[in-house]
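Asks: As input, take run.pdb (PDB, C-alpha atoms and all ligand atoms):
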```
ATOM      1  CA  MET B 108     129.264 152.258  88.534
ATOM      2  CA  LYS B 109     130.256 151.619  92.092
ATOM      3  CA  ILE B 110     132.745 154.224  93.258
ATOM      4  CA  LEU B 111     134.785 153.731  96.401
ATOM      5  CA  VAL B 112     136.351 156.831  97.939
ATOM      6  CA  LEU B 113     139.053 156.299 100.537
ATOM      7  CA  ASN B 114     139.483 159.486 102.570
ATOM      8  CA  GLY B 115     142.824 159.543 104.397
ATOM      9  CA  SER B 116     142.266 162.739 106.348
ATOM     10  CA  PRO B 117     142.007 162.458 110.133
ATOM     11  CA  ARG B 118     139.604 165.448 110.068
ATOM     12  CA  PRO B 119     136.033 164.193 109.439
ATOM     13  CA  LYS B 120     134.831 167.730 108.656
ATOM     14  CA  GLY B 121     138.052 168.884 107.032
ATOM     15  CA  ASN B 122     138.909 170.214 103.590
ATOM     16  CA  THR B 123     139.319 166.783 102.002
ATOM     17  CA  ALA B 124     135.934 165.664 103.360
ATOM     18  CA  ALA B 125     134.277 168.768 101.857
ATOM     19  CA  MET B 126     135.830 167.957  98.466
ATOM     20  CA  VAL B 127     134.690 164.337  98.764
ATOM     21  CA  ASN B 128     131.123 165.442  99.579
ATOM     22  CA  ALA B 129     130.971 167.611  96.449
ATOM     23  CA  PHE B 130     132.415 164.787  94.347
ATOM     24  CA  LYS B 131     129.818 162.377  95.769
ATOM     25  CA  THR B 132     126.946 164.755  94.968
ATOM     26  CA  GLY B 133     128.111 164.992  91.358
ATOM     27  CA  ALA B 134     128.746 161.267  90.964
ATOM     28  CA  GLU B 135     125.344 160.332  92.415
ATOM     29  CA  LYS B 136     123.579 162.641  89.937
ATOM     30  CA  ASN B 137     124.587 160.144  87.254
ATOM     31  CA  GLY B 138     123.231 157.173  89.159
ATOM     32  CA  ASN B 139     126.613 156.021  90.445
ATOM     33  CA  GLU B 140     126.762 154.382  93.854
ATOM     34  CA  VAL B 141     129.356 156.132  96.015
ATOM     35  CA  VAL B 142     130.796 154.536  99.150
ATOM     36  CA  VAL B 143     133.058 156.749 101.263
ATOM     37  CA  MET B 144     135.354 155.023 103.742
ATOM     38  CA  ASN B 145     137.135 157.351 106.136
ATOM     39  CA  VAL B 146     140.328 155.350 106.478
ATOM     40  CA  GLY B 147     141.927 158.380 108.151
ATOM     41  CA  THR B 148     139.835 157.855 111.284
ATOM     42  CA  MET B 149     139.541 154.085 111.239
ATOM     43  CA  ASN B 150     141.563 151.632 113.291
ATOM     44  CA  ILE B 151     143.951 150.486 110.574
ATOM     45  CA  LYS B 152     147.489 149.275 111.202
ATOM     46  CA  GLY B 153     150.288 149.149 108.653
ATOM     47  CA  CYS B 154     151.210 145.973 106.797
ATOM     48  CA  VAL B 155     153.578 143.911 108.936
ATOM     49  CA  ALA B 156     155.007 141.984 105.956
ATOM     50  CA  CYS B 157     154.307 138.617 107.603
ATOM     51  CA  GLU B 158     153.358 137.118 104.204
ATOM     52  CA  TYR B 159     150.431 135.223 105.788
ATOM     53  CA  CYS B 160     148.238 136.587 102.964
ATOM     54  CA  HIS B 161     150.483 135.181 100.254
ATOM     55  CA  THR B 162     150.831 131.793 101.942
ATOM     56  CA  LYS B 163     148.342 130.156 104.313
ATOM     57  CA  GLY B 164     145.955 133.109 104.220
ATOM     58  CA  ALA B 165     145.246 132.750 100.483
ATOM     59  CA  GLY B 166     144.723 136.485 100.035
ATOM     60  CA  ALA B 167     143.307 137.275 103.482
ATOM     61  CA  CYS B 168     145.102 139.617 105.872
ATOM     62  CA  ILE B 169     145.847 138.233 109.309
ATOM     63  CA  GLN B 170     145.283 141.625 110.974
ATOM     64  CA  LYS B 171     141.645 141.818 112.073
ATOM     65  CA  ASP B 172     141.185 145.578 112.258
ATOM     66  CA  ASP B 173     138.912 148.015 110.414
ATOM     67  CA  MET B 174     140.605 147.240 107.111
ATOM     68  CA  GLN B 175     138.479 144.091 107.090
ATOM     69  CA  ASN B 176     135.465 146.357 106.424
ATOM     70  CA  VAL B 177     137.282 148.036 103.548
ATOM     71  CA  TYR B 178     138.356 144.877 101.679
ATOM     72  CA  PRO B 179     134.845 143.941 100.447
ATOM     73  CA  GLU B 180     134.392 147.504  99.169
ATOM     74  CA  ILE B 181     137.738 147.359  97.332
ATOM     75  CA  ALA B 182     136.726 144.039  95.773
ATOM     76  CA  SER B 183     133.357 145.277  94.469
ATOM     77  CA  ALA B 184     134.332 148.798  93.328
ATOM     78  CA  ASP B 185     134.511 149.739  89.632
ATOM     79  CA  VAL B 186     136.289 153.000  90.446
ATOM     80  CA  ILE B 187     138.531 153.872  93.387
ATOM     81  CA  ILE B 188     139.312 157.458  94.394
ATOM     82  CA  PHE B 189     142.122 158.223  96.825
ATOM     83  CA  ALA B 190     141.332 161.391  98.791
ATOM     84  CA  SER B 191     143.954 162.843 101.114
ATOM     85  CA  PRO B 192     145.486 165.990 102.497
ATOM     86  CA  VAL B 193     149.112 166.608 101.548
ATOM     87  CA  TYR B 194     151.398 165.805 104.473
ATOM     88  CA  TYR B 195     155.037 166.675 103.831
ATOM     89  CA  PHE B 196     154.622 166.474 100.044
ATOM     90  CA  GLY B 197     153.004 163.046 100.234
ATOM     91  CA  PHE B 198     149.770 161.331 101.230
ATOM     92  CA  SER B 199     148.767 161.488 104.886
ATOM     93  CA  GLY B 200     150.291 158.744 107.041
ATOM     94  CA  GLN B 201     146.805 157.335 107.502
ATOM     95  CA  MET B 202     146.405 156.954 103.729
ATOM     96  CA  GLU B 203     149.864 155.415 103.384
ATOM     97  CA  THR B 204     148.956 152.943 106.132
ATOM     98  CA  ALA B 205     145.745 151.908 104.374
ATOM     99  CA  LEU B 206     147.584 151.676 101.044
ATOM    100  CA  SER B 207     150.131 149.300 102.543
ATOM    101  CA  ARG B 208     147.268 146.949 103.384
ATOM    102  CA  PHE B 209     146.436 146.490  99.678
ATOM    103  CA  TYR B 210     149.403 144.071  99.778
ATOM    104  CA  CYS B 211     147.193 141.041 100.452
ATOM    105  CA  VAL B 212     144.925 141.625  97.440
ATOM    106  CA  VAL B 213     147.880 142.763  95.284
ATOM    107  CA  LYS B 214     145.465 144.736  93.125
ATOM    108  CA  PRO B 215     141.737 145.560  93.282
ATOM    109  CA  ALA B 216     139.652 142.740  91.773
ATOM    110  CA  LYS B 217     137.440 144.831  89.463
ATOM    111  CA  ALA B 218     138.468 148.486  89.484
ATOM    112  CA  LYS B 219     140.322 149.697  86.417
ATOM    113  CA  LYS B 220     139.703 153.422  86.936
ATOM    114  CA  PHE B 221     141.320 155.498  89.636
ATOM    115  CA  GLY B 222     141.428 159.147  90.650
ATOM    116  CA  LEU B 223     142.838 161.542  93.208
ATOM    117  CA  ILE B 224     141.243 164.207  95.403
ATOM    118  CA  ILE B 225     143.934 166.189  97.201
ATOM    119  CA  SER B 226     143.824 169.139  99.596
ATOM    120  CA  SER B 227     146.896 171.146 100.595
ATOM    121  CA  GLY B 228     148.012 174.354 102.226
ATOM    122  CA  SER B 229     150.243 175.440  99.359
ATOM    123  CA  PRO B 230     150.039 175.092  95.577
ATOM    124  CA  ASN B 231     152.419 172.942  93.510
ATOM    125  CA  VAL B 232     153.006 170.325  96.195
ATOM    126  CA  TYR B 233     151.534 167.364  94.340
ATOM    127  CA  ALA B 234     154.479 165.923  92.370
ATOM    128  CA  GLY B 235     155.279 163.237  94.962
ATOM    129  CA  ILE B 236     151.698 162.022  95.282
ATOM    130  CA  GLU B 237     151.164 162.074  91.523
ATOM    131  CA  ALA B 238     154.362 160.073  90.907
ATOM    132  CA  GLN B 239     153.309 157.499  93.517
ATOM    133  CA  PHE B 240     149.799 157.361  92.037
ATOM    134  CA  GLU B 241     151.154 156.806  88.500
ATOM    135  CA  GLY B 242     153.437 154.054  89.826
ATOM    136  CA  ILE B 243     150.514 152.294  91.491
ATOM    137  CA  LEU B 244     148.403 152.615  88.322
ATOM    138  CA  ALA B 245     151.168 151.107  86.192
ATOM    139  CA  PHE B 246     151.354 148.195  88.646
ATOM    140  CA  TRP B 247     147.571 147.751  88.684
ATOM    141  CA  GLU B 248     147.180 148.401  84.944
ATOM    142  CA  GLY B 249     144.668 151.091  85.824
ATOM    143  CA  GLU B 250     143.542 154.288  84.156
ATOM    144  CA  ASN B 251     143.910 157.731  85.709
ATOM    145  CA  ILE B 252     140.453 159.297  85.345
ATOM    146  CA  GLY B 253     141.278 162.568  87.067
ATOM    147  CA  VAL B 254     143.179 164.505  89.694
ATOM    148  CA  CYS B 255     141.366 167.273  91.579
ATOM    149  CA  THR B 256     143.326 169.507  93.933
ATOM    150  CA  ALA B 257     142.620 172.482  96.203
ATOM    151  CA  ALA B 258     145.430 174.568  97.687
ATOM    152  CA  GLY B 259     145.185 177.133 100.466
ATOM    153  CA  GLU B 260     142.243 179.456  99.912
ATOM    154  CA  GLU B 261     140.823 177.248  97.177
ATOM    155  CA  ASN B 262     139.697 175.004 100.025
ATOM    156  CA  GLY B 263     136.062 175.570 100.922
ATOM    157  CA  LYS B 264     135.383 177.667  97.801
ATOM    158  CA  GLU B 265     132.303 177.146  95.646
ATOM    159  CA  SER B 266     134.492 177.062  92.518
ATOM    160  CA  THR B 267     136.415 174.133  94.009
ATOM    161  CA  PHE B 268     133.216 172.271  94.879
ATOM    162  CA  ALA B 269     131.914 172.890  91.333
ATOM    163  CA  LYS B 270     135.109 171.317  89.982
ATOM    164  CA  LEU B 271     134.657 168.299  92.272
ATOM    165  CA  MET B 272     130.988 167.938  91.311
ATOM    166  CA  ALA B 273     131.947 167.982  87.624
ATOM    167  CA  PHE B 274     134.618 165.335  88.288
ATOM    168  CA  GLY B 275     131.985 163.147  89.966
ATOM    169  CA  GLU B 276     129.508 163.724  87.155
ATOM    170  CA  SER B 277     132.104 162.794  84.529
ATOM    171  CA  ILE B 278     132.093 159.182  85.797
ATOM    172  CA  LYS B 279     129.696 156.992  83.855
TER     173      LYS B 279
HETATM  174  C1  LIG B 301     151.234 167.033 109.372
HETATM  175  C2  LIG B 301     150.845 167.987 108.296
HETATM  176  C3  LIG B 301     151.696 168.134 107.206
HETATM  177  C4  LIG B 301     151.344 168.996 106.160
HETATM  178  N1  LIG B 301     152.184 169.108 105.094
HETATM  179  C5  LIG B 301     151.851 169.937 104.062
HETATM  180  C6  LIG B 301     152.700 170.073 102.911
HETATM  181  O1  LIG B 301     153.770 169.456 102.804
HETATM  182  N2  LIG B 301     152.319 170.911 101.928
HETATM  183  C7  LIG B 301     151.166 171.621 101.985
HETATM  184  O2  LIG B 301     150.866 172.360 101.053
HETATM  185  N3  LIG B 301     150.318 171.508 103.051
HETATM  186  C8  LIG B 301     150.633 170.681 104.079
HETATM  187  N4  LIG B 301     149.789 170.554 105.154
HETATM  188  C9  LIG B 301     148.485 171.265 105.142
HETATM  189  C10 LIG B 301     147.305 170.342 104.759
HETATM  190  O3  LIG B 301     147.581 169.610 103.579
HETATM  191  C11 LIG B 301     146.046 171.206 104.526
HETATM  192  O4  LIG B 301     145.749 171.952 105.690
HETATM  193  C12 LIG B 301     144.837 170.392 104.109
HETATM  194  O5  LIG B 301     143.839 171.272 103.643
HETATM  195  C13 LIG B 301     144.275 169.561 105.267
HETATM  196  O6  LIG B 301     143.194 168.784 104.799
HETATM  197  P1  LIG B 301     142.085 168.167 105.811
HETATM  198  O7  LIG B 301     141.330 169.332 106.401
HETATM  199  O8  LIG B 301     141.225 167.306 104.992
HETATM  200  O9  LIG B 301     142.827 167.374 106.841
HETATM  201  C14 LIG B 301     150.131 169.728 106.215
HETATM  202  C15 LIG B 301     149.288 169.579 107.348
HETATM  203  C16 LIG B 301     149.645 168.729 108.375
HETATM  204  C17 LIG B 301     148.725 168.573 109.564
END
```
Represent the structure of the file as structure tokens.

Replies:
Amino acid sequence: MKILVLNGSPRPKGNTAAMVNAFKTGAEKNGNEVVVMNVGTMNIKGCVACEYCHTKGAGACIQKDDMQNVYPEIASADVIIFASPVYYFGFSGQMETALSRFYCVVKPAKAKKFGLIISSGSPNVYAGIEAQFEGILAFWEGENIGVCTAAGEENGKESTFAKLMAFGESIK
């Protein structure tokens, strides 16, 4: 399986990145190919709703920024994992920005399985992200294959990384 992880944290060595690394280690043990794209540090602008993609562009986005490197990965992935810190009870702005750019493809070409990796300061702050995620999955007719979270002191803990490794390993 080809697994695409979109990491929406602006901190390359942050808590979300550590969770993603553990997930990747687990997923690769099973022979999966894991591609991590750090959309949180890439030059990606929000959708400008120009509708070029749904008219003349025939599915292509007119904005030639780093999202152009992400589109081929979205198209070829079997599984897509959204990884993000919680910012004000939602995804990070960087993740929201990248998500808005799915508009041109409408839905991923191949992927039917989706998951979440979420880091936060406090526990029980995931309802907004989970509701958004479920809405997107209903729209994409996708399956939720797992949600892994770490709150506060759970970040950076071996027990958290073990959970993430097991999540990765569960993908076959
Ligand atoms: C702008 C901003 C908003 C945040 N909002 C929340 C929040 O609403 N709830 C929460 O539990 N933590 C919140 N946090 C804390 C982060 O989710 C937490 O520190 C997380 O581990 C950061 O992940 P990272 O190191 O991958 O960036 C916020 C942090 C920032 C910078």

Asks: Need the shell around Tyr178 in chain B: protein/DNA/RNA residues with any atom at most 12 Å away, counting only C-alpha atoms. Skip same-chain ones fewer than 6 positions apart. Format as a CSV table (one decimal) with C-alpha atoms, in the frame of the given file?

Replies:
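Dumped to selection-v4.csv:
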```csv
chain,number,residue,atom,x,y,z
B,111,LEU,CA,134.8,153.7,96.4
B,113,LEU,CA,139.1,156.3,100.5
B,144,MET,CA,135.4,155.0,103.7
B,146,VAL,CA,140.3,155.4,106.5
B,151,ILE,CA,144.0,150.5,110.6
B,166,GLY,CA,144.7,136.5,100.0
B,167,ALA,CA,143.3,137.3,103.5
B,168,CYS,CA,145.1,139.6,105.9
B,171,LYS,CA,141.6,141.8,112.1
B,172,ASP,CA,141.2,145.6,112.3
B,184,ALA,CA,134.3,148.8,93.3
B,205,ALA,CA,145.7,151.9,104.4
B,206,LEU,CA,147.6,151.7,101.0
B,208,ARG,CA,147.3,146.9,103.4
B,209,PHE,CA,146.4,146.5,99.7
B,210,TYR,CA,149.4,144.1,99.8
B,211,CYS,CA,147.2,141.0,100.5
B,212,VAL,CA,144.9,141.6,97.4
B,213,VAL,CA,147.9,142.8,95.3
B,214,LYS,CA,145.5,144.7,93.1
B,215,PRO,CA,141.7,145.6,93.3
B,216,ALA,CA,139.7,142.7,91.8
```

Asks: Quick check on the file I pasted: which residues fall under the PyMOL selection byres (((not hetatm)) within 7 of (chain B and resi 301))? Write them as a list in words.

Replies: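 This file, filtered by the PyMOL selection byres (((not hetatm)) within 7 of (chain B and resi 301)), leaves Ser116, Pro117, Arg118, Gly121, Asn122, Thr123, Ala124, Ser191, Pro192, Val193, Tyr194, Tyr195, Phe196, Gly197, Ser226, Ser227, Gly228, Ser229, Pro230, Val232, Ala258, Gly259 and Asn262 of chain B.
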
Asks: Record the distance separating CA of Leu244 in chain B and CA of Lys163 in chain B, expressed in Å with one decimal.

Replies: 27.6 Å

Asks: Tell me which of B:Gly138, B:Gly275, B:Gly133, B:Gly253 sits closest to Ile225 in chain B, counting only C-alpha atoms.

Replies: B:Gly253

Asks: Just the number, please: distance in Å from CA of Met149 in chain B to CA of Val127 in chain B, one decimal.

Replies: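 A separation of 16.9 Å between them.
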
Asks: Kindly give the distance, in Å, that separates CA of Val142 in chain B and CA of Glu265 in chain B, rounded to a single decimal.

Replies: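 Between these atoms lies a distance of 22.9 Å.
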
Asks: B:Pro119, B:Gly222, B:Gly164, B:Gly263: which is nearest Ile243 in chain B, counting only C-alpha atoms?

Replies: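 Among B:Pro119, B:Gly222, B:Gly164, B:Gly263, it is B:Gly222 that comes nearest to Ile243 in chain B.
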